[in-house]
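Note: the block below is work06.txt and it holds compact mmCIF, C-alpha atoms.
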```txt
# COMPACT_ATOMS: atom_id res chain seq x y z
CA MET A 235 82.05 42.90 72.00
CA GLN A 236 81.39 46.58 72.77
CA SER A 237 79.64 47.21 69.44
CA THR A 238 77.47 44.11 69.97
CA MET A 239 76.47 45.35 73.41
CA GLN A 240 75.62 48.82 72.04
CA ALA A 241 73.51 47.24 69.32
CA LYS A 242 71.58 45.22 71.91
CA ILE A 243 71.00 48.35 73.99
CA SER A 244 69.77 50.28 70.93
CA VAL A 245 67.41 47.50 69.92
CA GLY A 246 66.09 47.24 73.46
CA LEU A 247 65.55 50.99 73.76
CA LEU A 248 63.79 51.14 70.39
CA SER A 249 61.55 48.20 71.29
CA ALA A 250 60.58 49.91 74.54
CA LEU A 251 59.86 53.21 72.82
CA LEU A 252 57.86 51.73 69.98
CA SER A 253 55.84 49.55 72.31
CA GLY A 254 54.63 52.50 74.31
CA GLY A 255 57.61 54.56 75.45
CA GLY A 256 59.88 53.75 78.35
CA MET A 257 60.82 50.52 80.08
CA CYS A 258 57.42 49.97 81.69
CA ALA A 259 54.86 47.86 79.86
CA GLN A 260 52.20 49.90 78.09
CA GLU A 261 48.88 49.00 76.49
CA ASN A 262 49.98 50.31 73.11
CA GLY A 263 51.18 47.69 70.66
CA ALA A 264 54.27 48.10 68.54
CA LEU A 265 53.97 50.17 65.40
CA PRO A 266 53.16 48.16 62.27
CA PRO A 267 55.71 48.08 59.45
CA TYR A 268 55.21 50.37 56.47
CA GLN A 269 52.79 49.08 53.85
CA PRO A 270 52.30 51.36 50.80
CA THR A 271 48.71 52.50 50.39
CA VAL A 272 49.45 53.77 46.85
CA GLN A 273 52.45 53.84 44.56
CA VAL A 274 53.67 57.42 44.12
CA SER A 275 56.02 59.19 41.75
CA GLY A 276 57.53 62.64 41.41
CA THR A 277 59.70 64.90 43.53
CA ILE A 278 59.10 65.86 47.16
CA ARG A 279 60.68 69.23 47.90
CA SER A 280 61.69 69.89 51.51
CA TRP A 281 62.80 73.21 52.98
CA GLY A 282 63.97 73.74 56.53
CA HIS A 283 66.41 72.86 59.27
CA GLY A 284 69.94 71.86 58.28
CA TYR A 285 70.56 69.53 61.21
CA LEU A 286 67.85 67.19 59.92
CA LYS A 287 69.78 66.43 56.73
CA ASN A 288 71.08 63.06 57.94
CA MET A 289 67.71 62.00 59.30
CA MET A 290 65.98 62.99 56.08
CA LYS A 291 68.48 61.02 54.00
CA LEU A 292 67.84 57.89 56.05
CA TRP A 293 64.09 58.26 55.62
CA GLU A 294 64.37 59.03 51.92
CA GLU A 295 66.54 56.01 51.23
CA GLY A 296 64.20 53.79 53.22
CA PHE A 297 61.10 55.15 51.49
CA ARG A 298 62.53 54.62 48.01
CA LYS A 299 62.94 50.91 48.71
CA PHE A 300 59.14 50.77 48.72
CA GLN A 301 58.53 53.70 46.37
CA PRO A 302 61.28 53.59 43.69
CA ASN A 303 59.67 56.31 41.58
CA ALA A 304 59.83 58.91 44.38
CA ARG A 305 62.50 61.60 44.23
CA PHE A 306 63.63 64.20 46.74
CA ASP A 307 64.94 67.75 46.48
CA ASP A 308 66.11 69.00 49.88
CA TYR A 309 66.92 72.62 50.68
CA LEU A 310 67.75 72.20 54.35
CA VAL A 311 69.59 75.28 55.54
CA SER A 312 67.50 76.73 58.37
CA SER A 313 64.15 76.33 60.09
CA ALA A 314 63.56 79.97 59.13
CA SER A 315 63.12 78.91 55.49
CA ALA A 316 60.50 76.22 56.13
CA MET A 317 57.28 78.23 56.10
CA ALA A 318 58.43 80.56 53.33
CA GLY A 319 59.13 77.58 51.11
CA LEU A 320 55.71 76.14 51.84
CA TYR A 321 53.54 79.21 51.34
CA SER A 322 55.51 80.38 48.29
CA GLY A 323 54.87 77.04 46.57
CA ARG A 324 58.56 76.16 46.35
CA ALA A 325 58.39 73.40 48.97
CA ASP A 326 56.02 70.52 49.70
CA LEU A 327 57.31 69.88 53.20
CA GLY A 328 58.34 72.42 55.85
CA VAL A 329 61.00 70.91 58.15
CA LEU A 330 61.29 72.57 61.56
CA ALA A 331 63.58 71.60 64.43
CA ARG A 332 62.14 74.19 66.79
CA GLU A 333 58.69 75.45 67.70
CA ILE A 334 56.83 77.40 65.03
CA THR A 335 56.28 81.07 65.88
CA PRO A 336 53.04 83.10 65.62
CA PRO A 337 54.44 85.32 62.80
CA GLU A 338 55.26 82.20 60.77
CA ILE A 339 51.75 80.84 61.24
CA ALA A 340 50.24 84.22 60.37
CA ALA A 341 52.34 84.55 57.20
CA TYR A 342 51.32 81.10 55.98
CA GLU A 343 47.63 81.67 56.68
CA LYS A 344 47.64 85.15 55.16
CA VAL A 345 49.24 84.00 51.91
CA THR A 346 47.43 80.69 51.48
CA ARG A 347 44.13 81.55 53.22
CA GLN A 348 44.10 78.20 54.97
CA LYS A 349 45.35 76.67 58.22
CA ILE A 350 48.80 75.17 58.52
CA THR A 351 48.95 71.41 59.16
CA PRO A 352 51.63 70.14 61.59
CA VAL A 353 52.75 66.52 61.77
CA THR A 354 54.90 65.43 64.72
CA VAL A 355 57.57 63.04 63.41
CA LEU A 356 60.20 62.78 66.16
CA THR A 357 60.96 63.48 69.77
CA GLY A 358 63.79 65.97 70.09
CA SER A 359 67.25 65.16 71.38
CA TYR A 360 68.26 64.82 75.01
CA GLY A 361 70.87 67.55 74.93
CA ASN A 362 71.94 68.74 71.48
CA GLN A 363 71.08 72.42 71.15
CA ASP A 364 70.85 72.13 67.35
CA LYS A 365 68.38 69.25 67.50
CA ILE A 366 65.44 70.59 69.54
CA MET A 367 66.84 69.46 72.87
CA ALA A 368 64.79 68.71 75.95
CA LEU A 369 65.28 71.34 78.64
CA GLY A 370 66.48 70.71 82.17
CA ILE A 371 66.43 72.72 85.37
CA PHE A 372 69.75 72.59 87.25
CA VAL A 373 70.71 73.60 90.79
CA HIS A 374 73.97 73.25 92.69
CA ARG A 375 74.58 69.72 93.98
CA ASP A 376 74.53 71.00 97.59
CA ASN A 377 71.07 72.49 97.15
CA PRO A 378 68.40 70.42 98.99
CA ILE A 379 65.82 71.17 96.28
CA ALA A 380 65.04 67.97 94.36
CA ARG A 381 61.80 68.82 92.55
CA LEU A 382 59.81 71.81 91.36
CA THR A 383 56.39 72.46 89.85
CA PHE A 384 55.64 74.58 86.79
CA ALA A 385 53.97 77.16 89.05
CA GLN A 386 57.19 77.45 91.07
CA LEU A 387 59.28 77.69 87.90
CA ASP A 388 56.99 80.43 86.60
CA ALA A 389 57.43 82.36 89.87
CA ILE A 390 61.23 81.89 89.78
CA TRP A 391 61.91 82.63 86.11
CA GLY A 392 59.07 84.97 85.23
CA ALA A 393 57.41 88.11 86.52
CA GLU A 394 53.70 87.84 85.70
CA LEU A 395 52.67 84.81 87.81
CA ARG A 396 50.48 83.39 85.06
CA ARG A 397 50.39 80.00 86.78
CA GLY A 398 48.74 81.38 89.88
CA ALA A 399 51.57 81.71 92.39
CA LYS A 400 50.90 84.36 95.04
CA GLU A 401 54.28 86.06 94.68
CA ASN A 402 57.47 85.97 92.68
CA ILE A 403 60.04 83.60 94.12
CA ARG A 404 63.38 85.36 94.42
CA SER A 405 65.05 83.67 97.43
CA TRP A 406 65.54 80.05 98.40
CA ASP A 407 63.64 80.27 101.69
CA GLN A 408 60.48 80.97 99.65
CA LEU A 409 60.82 77.36 98.50
CA GLY A 410 61.03 76.11 102.06
CA LEU A 411 64.80 76.04 102.52
CA SER A 412 66.22 77.17 105.85
CA GLY A 413 69.55 77.49 107.62
CA GLU A 414 72.32 78.74 105.34
CA TRP A 415 69.82 79.06 102.43
CA ALA A 416 67.47 81.45 104.25
CA GLY A 417 67.41 84.85 102.57
CA LYS A 418 69.84 83.80 99.82
CA THR A 419 68.88 85.27 96.44
CA ILE A 420 68.19 82.85 93.61
CA GLN A 421 70.47 83.59 90.65
CA PRO A 422 68.96 82.32 87.37
CA TYR A 423 71.09 81.48 84.32
CA SER A 424 70.03 80.54 80.79
CA GLY A 425 70.95 80.74 77.15
CA LEU A 426 69.63 83.71 75.20
CA ALA A 427 65.99 84.08 76.16
CA PHE A 428 64.86 84.87 72.60
CA GLU A 429 66.37 81.68 71.15
CA ALA A 430 64.22 78.61 70.51
CA PRO A 431 64.82 76.91 73.92
CA GLY A 432 63.94 80.10 75.78
CA TYR A 433 60.90 80.65 73.56
CA PHE A 434 59.70 77.10 74.25
CA PHE A 435 60.18 77.60 78.00
CA SER A 436 58.30 80.92 77.96
CA GLN A 437 55.39 79.40 76.06
CA THR A 438 55.25 76.15 78.02
CA VAL A 439 56.12 77.17 81.58
CA LEU A 440 55.50 80.93 81.69
CA LYS A 441 52.26 80.46 79.70
CA GLY A 442 53.32 82.86 76.97
CA SER A 443 54.83 85.56 79.15
CA VAL A 444 58.05 87.15 77.92
CA LEU A 445 58.67 89.12 81.11
CA TRP A 446 61.59 87.28 82.65
CA ASN A 447 63.11 87.64 86.11
CA PRO A 448 65.23 90.82 85.77
CA ALA A 449 68.13 89.08 87.52
CA LEU A 450 68.43 86.55 84.66
CA ARG A 451 71.96 86.16 83.27
CA GLN A 452 72.05 84.94 79.70
CA PHE A 453 74.88 83.18 77.88
CA ASP A 454 75.59 83.09 74.15
CA ASN A 455 77.77 80.74 72.12
CA VAL A 456 81.26 82.26 71.91
CA GLU A 457 84.78 81.34 70.87
CA ASP A 458 87.58 81.10 73.41
CA GLU A 459 91.11 82.45 72.98
CA LYS A 460 91.99 79.39 70.88
CA GLN A 461 88.96 79.99 68.62
CA ARG A 462 87.18 76.93 69.95
CA SER A 463 83.41 77.16 70.22
CA VAL A 464 82.11 77.41 73.77
CA ASP A 465 78.53 76.12 74.06
CA ALA A 466 76.20 78.57 75.82
CA TYR A 467 74.22 75.78 77.46
CA GLN A 468 77.34 74.15 78.86
CA LYS A 469 78.26 77.57 80.24
CA VAL A 470 74.89 77.67 82.01
CA VAL A 471 75.49 74.33 83.75
CA ASP A 472 79.07 75.30 84.60
CA ALA A 473 77.82 78.57 86.11
CA VAL A 474 75.38 76.63 88.30
CA GLY A 475 78.19 74.32 89.37
CA ALA A 476 80.21 77.33 90.49
CA ASP A 477 77.36 79.19 92.23
CA ARG A 478 75.63 77.52 95.21
CA HIS A 479 72.65 79.85 94.95
CA ALA A 480 72.08 79.48 91.20
CA ILE A 481 69.41 77.85 89.11
CA GLY A 482 69.97 77.12 85.43
CA LEU A 483 67.87 76.46 82.34
CA SER A 484 69.84 74.32 79.89
CA GLY A 485 69.69 71.17 77.82
CA ALA A 486 68.79 68.14 79.93
CA GLY A 487 71.78 66.22 78.62
CA TYR A 488 74.43 68.72 79.73
CA ARG A 489 76.55 67.93 82.77
CA ASN A 490 78.78 69.44 85.44
CA PRO A 491 79.85 67.41 88.51
CA ASN A 492 78.73 70.21 90.82
CA ALA A 493 75.28 70.65 89.28
CA LYS A 494 72.23 68.39 89.43
CA LEU A 495 68.93 68.13 87.60
CA VAL A 496 65.60 68.71 89.33
CA ALA A 497 62.51 66.55 88.77
CA LEU A 498 59.53 68.50 87.38
CA ALA A 499 55.75 68.37 87.54
CA THR A 500 53.20 70.37 85.60
CA GLU A 501 50.77 70.37 88.54
CA GLU A 502 51.12 70.80 92.29
CA GLY A 503 50.41 67.17 93.14
CA GLY A 504 52.77 65.69 90.57
CA PRO A 505 53.75 63.32 89.19
CA PHE A 506 57.34 64.58 89.37
CA VAL A 507 59.39 63.25 86.46
CA GLU A 508 63.17 63.17 86.32
CA ALA A 509 64.99 64.52 83.27
CA THR A 510 66.39 61.20 82.07
CA LYS A 511 66.83 60.18 78.44
CA GLU A 512 64.30 57.41 78.98
CA ASN A 513 61.66 59.85 80.28
CA VAL A 514 62.32 62.22 77.39
CA GLY A 515 61.97 59.35 74.93
CA SER A 516 58.73 58.20 76.56
CA ARG A 517 57.46 61.80 76.43
CA ARG A 518 56.59 61.68 80.14
CA TYR A 519 59.10 64.41 80.94
CA PRO A 520 57.25 67.75 80.63
CA LEU A 521 60.09 69.71 78.98
CA ALA A 522 60.67 67.21 76.18
CA ARG A 523 60.17 68.75 72.75
CA SER A 524 58.89 67.55 69.39
CA VAL A 525 60.11 67.81 65.81
CA ARG A 526 57.25 68.73 63.50
CA PHE A 527 56.92 68.82 59.73
CA TYR A 528 54.37 71.09 58.09
CA ILE A 529 52.30 70.33 54.99
CA ASN A 530 49.59 71.89 52.90
CA ASN A 531 46.14 70.47 53.54
CA GLY A 532 43.28 72.78 52.64
CA PRO A 533 41.02 74.03 49.86
CA ALA A 534 43.57 76.39 48.32
CA LEU A 535 46.59 74.08 48.61
CA PRO A 536 45.40 70.47 49.09
CA ALA A 537 47.52 67.69 50.54
CA ASP A 538 49.93 66.09 48.08
CA PRO A 539 49.46 62.26 48.02
CA LYS A 540 53.18 61.59 47.69
CA VAL A 541 53.96 63.80 50.70
CA THR A 542 51.25 62.07 52.74
CA GLU A 543 52.62 58.66 51.74
CA PHE A 544 56.14 59.69 52.73
CA LEU A 545 54.85 60.76 56.16
CA ARG A 546 53.13 57.38 56.53
CA TYR A 547 56.54 55.82 56.06
CA VAL A 548 58.20 58.21 58.53
CA LEU A 549 55.59 57.34 61.16
CA SER A 550 55.77 53.60 60.54
CA ARG A 551 57.87 51.10 62.47
CA ASP A 552 60.38 51.19 59.60
CA GLY A 553 60.71 54.98 59.70
CA GLN A 554 60.93 55.26 63.47
CA ALA A 555 63.44 52.40 63.63
CA GLN A 556 65.82 54.51 61.55
CA VAL A 557 65.85 57.29 64.13
CA LEU A 558 68.38 55.57 66.39
CA SER A 559 70.78 55.37 63.44
CA GLU A 560 70.86 59.17 63.39
CA GLY A 561 72.16 59.23 66.95
CA ASP A 562 70.59 62.30 68.62
CA PHE A 563 66.88 62.39 67.89
CA LEU A 564 64.53 59.96 69.64
CA PRO A 565 61.73 57.94 68.04
CA LEU A 566 58.11 58.58 68.87
CA THR A 567 56.25 56.20 71.11
CA ALA A 568 53.77 53.91 69.37
CA ALA A 569 50.87 55.90 70.81
CA ALA A 570 52.26 59.24 69.60
CA ALA A 571 53.05 57.90 66.12
CA GLN A 572 49.64 56.28 65.75
CA GLU A 573 47.95 59.52 66.80
CA GLU A 574 49.83 61.42 64.09
CA LEU A 575 49.02 58.73 61.51
CA SER A 576 45.34 59.13 62.30
CA LYS A 577 45.53 62.85 61.47
CA LEU A 578 47.01 62.42 57.98
CA PRO A 579 44.67 63.31 55.12
```

Could you take the file, read its structure, and then write that structure out as structure tokens?
Amino acid sequence: MQSTMQAKISVGLLSALLSGGGMCAQENGALPPYQPTVQVSGTIRSWGHGYLKNMMKLWEEGFRKFQPNARFDDYLVSSASAMAGLYSGRADLGVLAREITPPEIAAYEKVTRQKITPVTVLTGSYGNQDKIMALGIFVHRDNPIARLTFAQLDAIWGAELRRGAKENIRSWDQLGLSGEWAGKTIQPYSGLAFEAPGYFFSQTVLKGSVLWNPALRQFDNVEDEKQRSVDAYQKVVDAVGADRHAIGLSGAGYRNPNAKLVALATEEGGPFVEATKENVGSRRYPLARSVRFYINNGPALPADPKVTEFLRYVLSRDGQAQVLSEGDFLPLTAAAAQEELSKLP
């Protein structure tokens, strides 16, 4: 009975996502099933992130049902290898589960003398740090703050005010709180600022600034006395739960009973969107993240037809339907998948 119920929930969630993203009706129709445009043969070589191995296997097995002459050679050990494999000619597909960095783009363009081509294939996870998790802003459950704008986040977490705030926000009364909160210093917590989640936050919210609030306390993954791994992002949420004056940057799916998530808006007037799994899947939540693959597509290294055909499968209803089988990543909405399909060479 339980497994049947879970299956119905998964099918319902997938149907909602593929028909436009979220439980509300959208104008976008469901994605069409995969229909081969050509029959391809040969080996597709993929280099990149190790935590996409299971997802890649599902896609590869599905693709070969339509394209039996296609083969795959995966070297999925780290996102750090993706661009090197591509510009060295040893890979056909660069698999990243984080945001690409300017040095990686520069290296590719310098070696190949052409622009890199990204293809968004998935929405990242709700709270798995190894699977490009959506980020959440946490405060103590007793804190009256329920929503924040990107300009306020920039003024709290950063130091350059690139979003136009008049001053840095360092105490809770600057956000309108009074009584016991007046004059109380805001204590920010996060994972390591130079890691992928921190980099994404600095690029997205701080508008590229890397000058963080000097009071920031950063956590790293560690092992406890019993040699069990202690997740840095769980430590962030736990620290917020223990500190009434704290604010934390962590994965949206992490939890502590004494900490709560804050709704976010990119602009002053909203809309303010809560950090729910549904809103991450619909891509309405502004700190949701994307998984992108990178391909050659230029005069020096033209697009490979078999790689393009594989991406057509990945972005089809068949390919996106397999995402829920993986368990952590979220499928694209129909609108997002169709936009990426339109960009393929």

Separation of CA of Leu387 (chain A) from CA of Gly503 (chain A), in Å and rounded to one decimal: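 One can read the CA of Leu387 (chain A) to CA of Gly503 (chain A) distance as 14.7 Å.
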
Straight-line distance linking CA of Gln301 (chain A) with CA of Lys540 (chain A), stated in Å to one decimal: 9.6 Å

Spatial neighbours of Val355 (chain A), max dist 10 Å, only C-alpha atoms, sep filter under 2 positions, as a PyMOL selection string: chain A and resi 352-353+357-358+524-527+545-546+548-549+553-554+564-566+570-571+574-575

Interatomic distance (Å, one decimal) between CA of Arg375 (chain A) and CA of Lys494 (chain A): 5.3 Å

Each region 381-482 of chain A residue no farther than 8 Å from region 504-522 of chain A, nearest pair in Å, all atoms listed in the file, as a tab-separated table:
```
residue	atom	partner	partner_atom	distance
A:Arg381	CA	A:Phe506	CA	6.9
A:Leu382	CA	A:Phe506	CA	7.9
A:Thr383	CA	A:Gly504	CA	7.7
A:Phe435	CA	A:Leu521	CA	8.0
```

For Pro491 (chain A), the nearest of the candidates A:Lys299, A:Lys418, A:His374, A:Lys291, counting all atoms listed in the file: A:His374

Could I get the residues of region 410-517 of chain A with an atom no further than 9 Å from an atom of region 327-350 of chain A, each paired with its nearest atom pair and that distance in Å to one decimal, using only C-alpha atoms, sorted by chain and residue number, as CSV?
```
residue,atom,partner,partner_atom,distance
A:Ala430,CA,A:Arg332,CA,6.1
A:Pro431,CA,A:Arg332,CA,8.1
A:Tyr433,CA,A:Glu333,CA,8.1
A:Phe434,CA,A:Glu333,CA,6.8
```

Expected residue set, 12 Å radius at (79.9, 79.1, 81.5), only C-alpha atoms, as a VMD selection string: chain A and resid 423 to 425 451 to 458 463 to 477 482 484 488 to 490

Mind dumping a table of every region 360-441 of chain A residue within 12 Å of region 278-286 of chain A, with the nearest atom pair and its distance in Å to one decimal, using all atoms listed in the file, sorted by chain and rising number, as CSV?
```
residue,atom,partner,partner_atom,distance
A:Asn362,CA,A:Tyr285,CA,10.4
A:Gln363,CA,A:Tyr285,CA,10.4
A:Asp364,CA,A:Tyr285,CA,6.7
A:Lys365,CA,A:Tyr285,CA,6.7
A:Ile366,CA,A:Tyr285,CA,9.8
```

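Nearest to Pro267 (chain A) of all the residues A:Gly417, A:Leu395, A:Asn531, A:Phe297 is A:Phe297, based on only C-alpha atoms.
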
Could you make a table, as a Markdown table, of the residues of region 465-557 of chain A that have an atom within 12 Å of an atom of region 404-409 of chain A, each with its nearest atom pair and distance in Å to one decimal, counting all atoms listed in the file, in chain and number order?
```
| residue | atom | partner | partner_atom | distance |
| --- | --- | --- | --- | --- |
| A:Arg478 | CA | A:Trp406 | CA | 10.9 |
| A:His479 | CA | A:Trp406 | CA | 7.9 |
| A:Ala480 | CA | A:Trp406 | CA | 9.7 |
| A:Ile481 | CA | A:Trp406 | CA | 10.3 |
```

Which of A:Pro579, A:Leu356, A:Arg523, A:Ala486 sits closest to Pro539 (chain A) [using all atoms listed in the file]: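 For Pro539 (chain A), the nearest of the candidates is A:Pro579.
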
Extract, using all atoms listed in the file, all DNA, RNA and protein residues at most 9 Å from Trp391 (chain A), discarding same-chain residues fewer than 6 positions from it, and format them as a tab-separated table (two decimals) with C-alpha atoms, keeping the file's coordinate frame.
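This is the output file selection15.tsv:
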```tsv
chain	number	residue	atom	x	y	z
A	402	ASN	CA	57.47	85.97	92.68
A	403	ILE	CA	60.04	83.60	94.12
A	404	ARG	CA	63.38	85.36	94.42
A	422	PRO	CA	68.96	82.32	87.37
A	440	LEU	CA	55.50	80.93	81.69
A	445	LEU	CA	58.67	89.12	81.11
A	446	TRP	CA	61.59	87.28	82.65
A	447	ASN	CA	63.11	87.64	86.11
A	448	PRO	CA	65.23	90.82	85.77
A	450	LEU	CA	68.43	86.55	84.66
```

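For the choices A:Glu394, A:Glu401, A:Glu501, A:Asp308, the atom-to-atom distance to Val444 (chain A) is smallest for A:Glu394 when using only C-alpha atoms.
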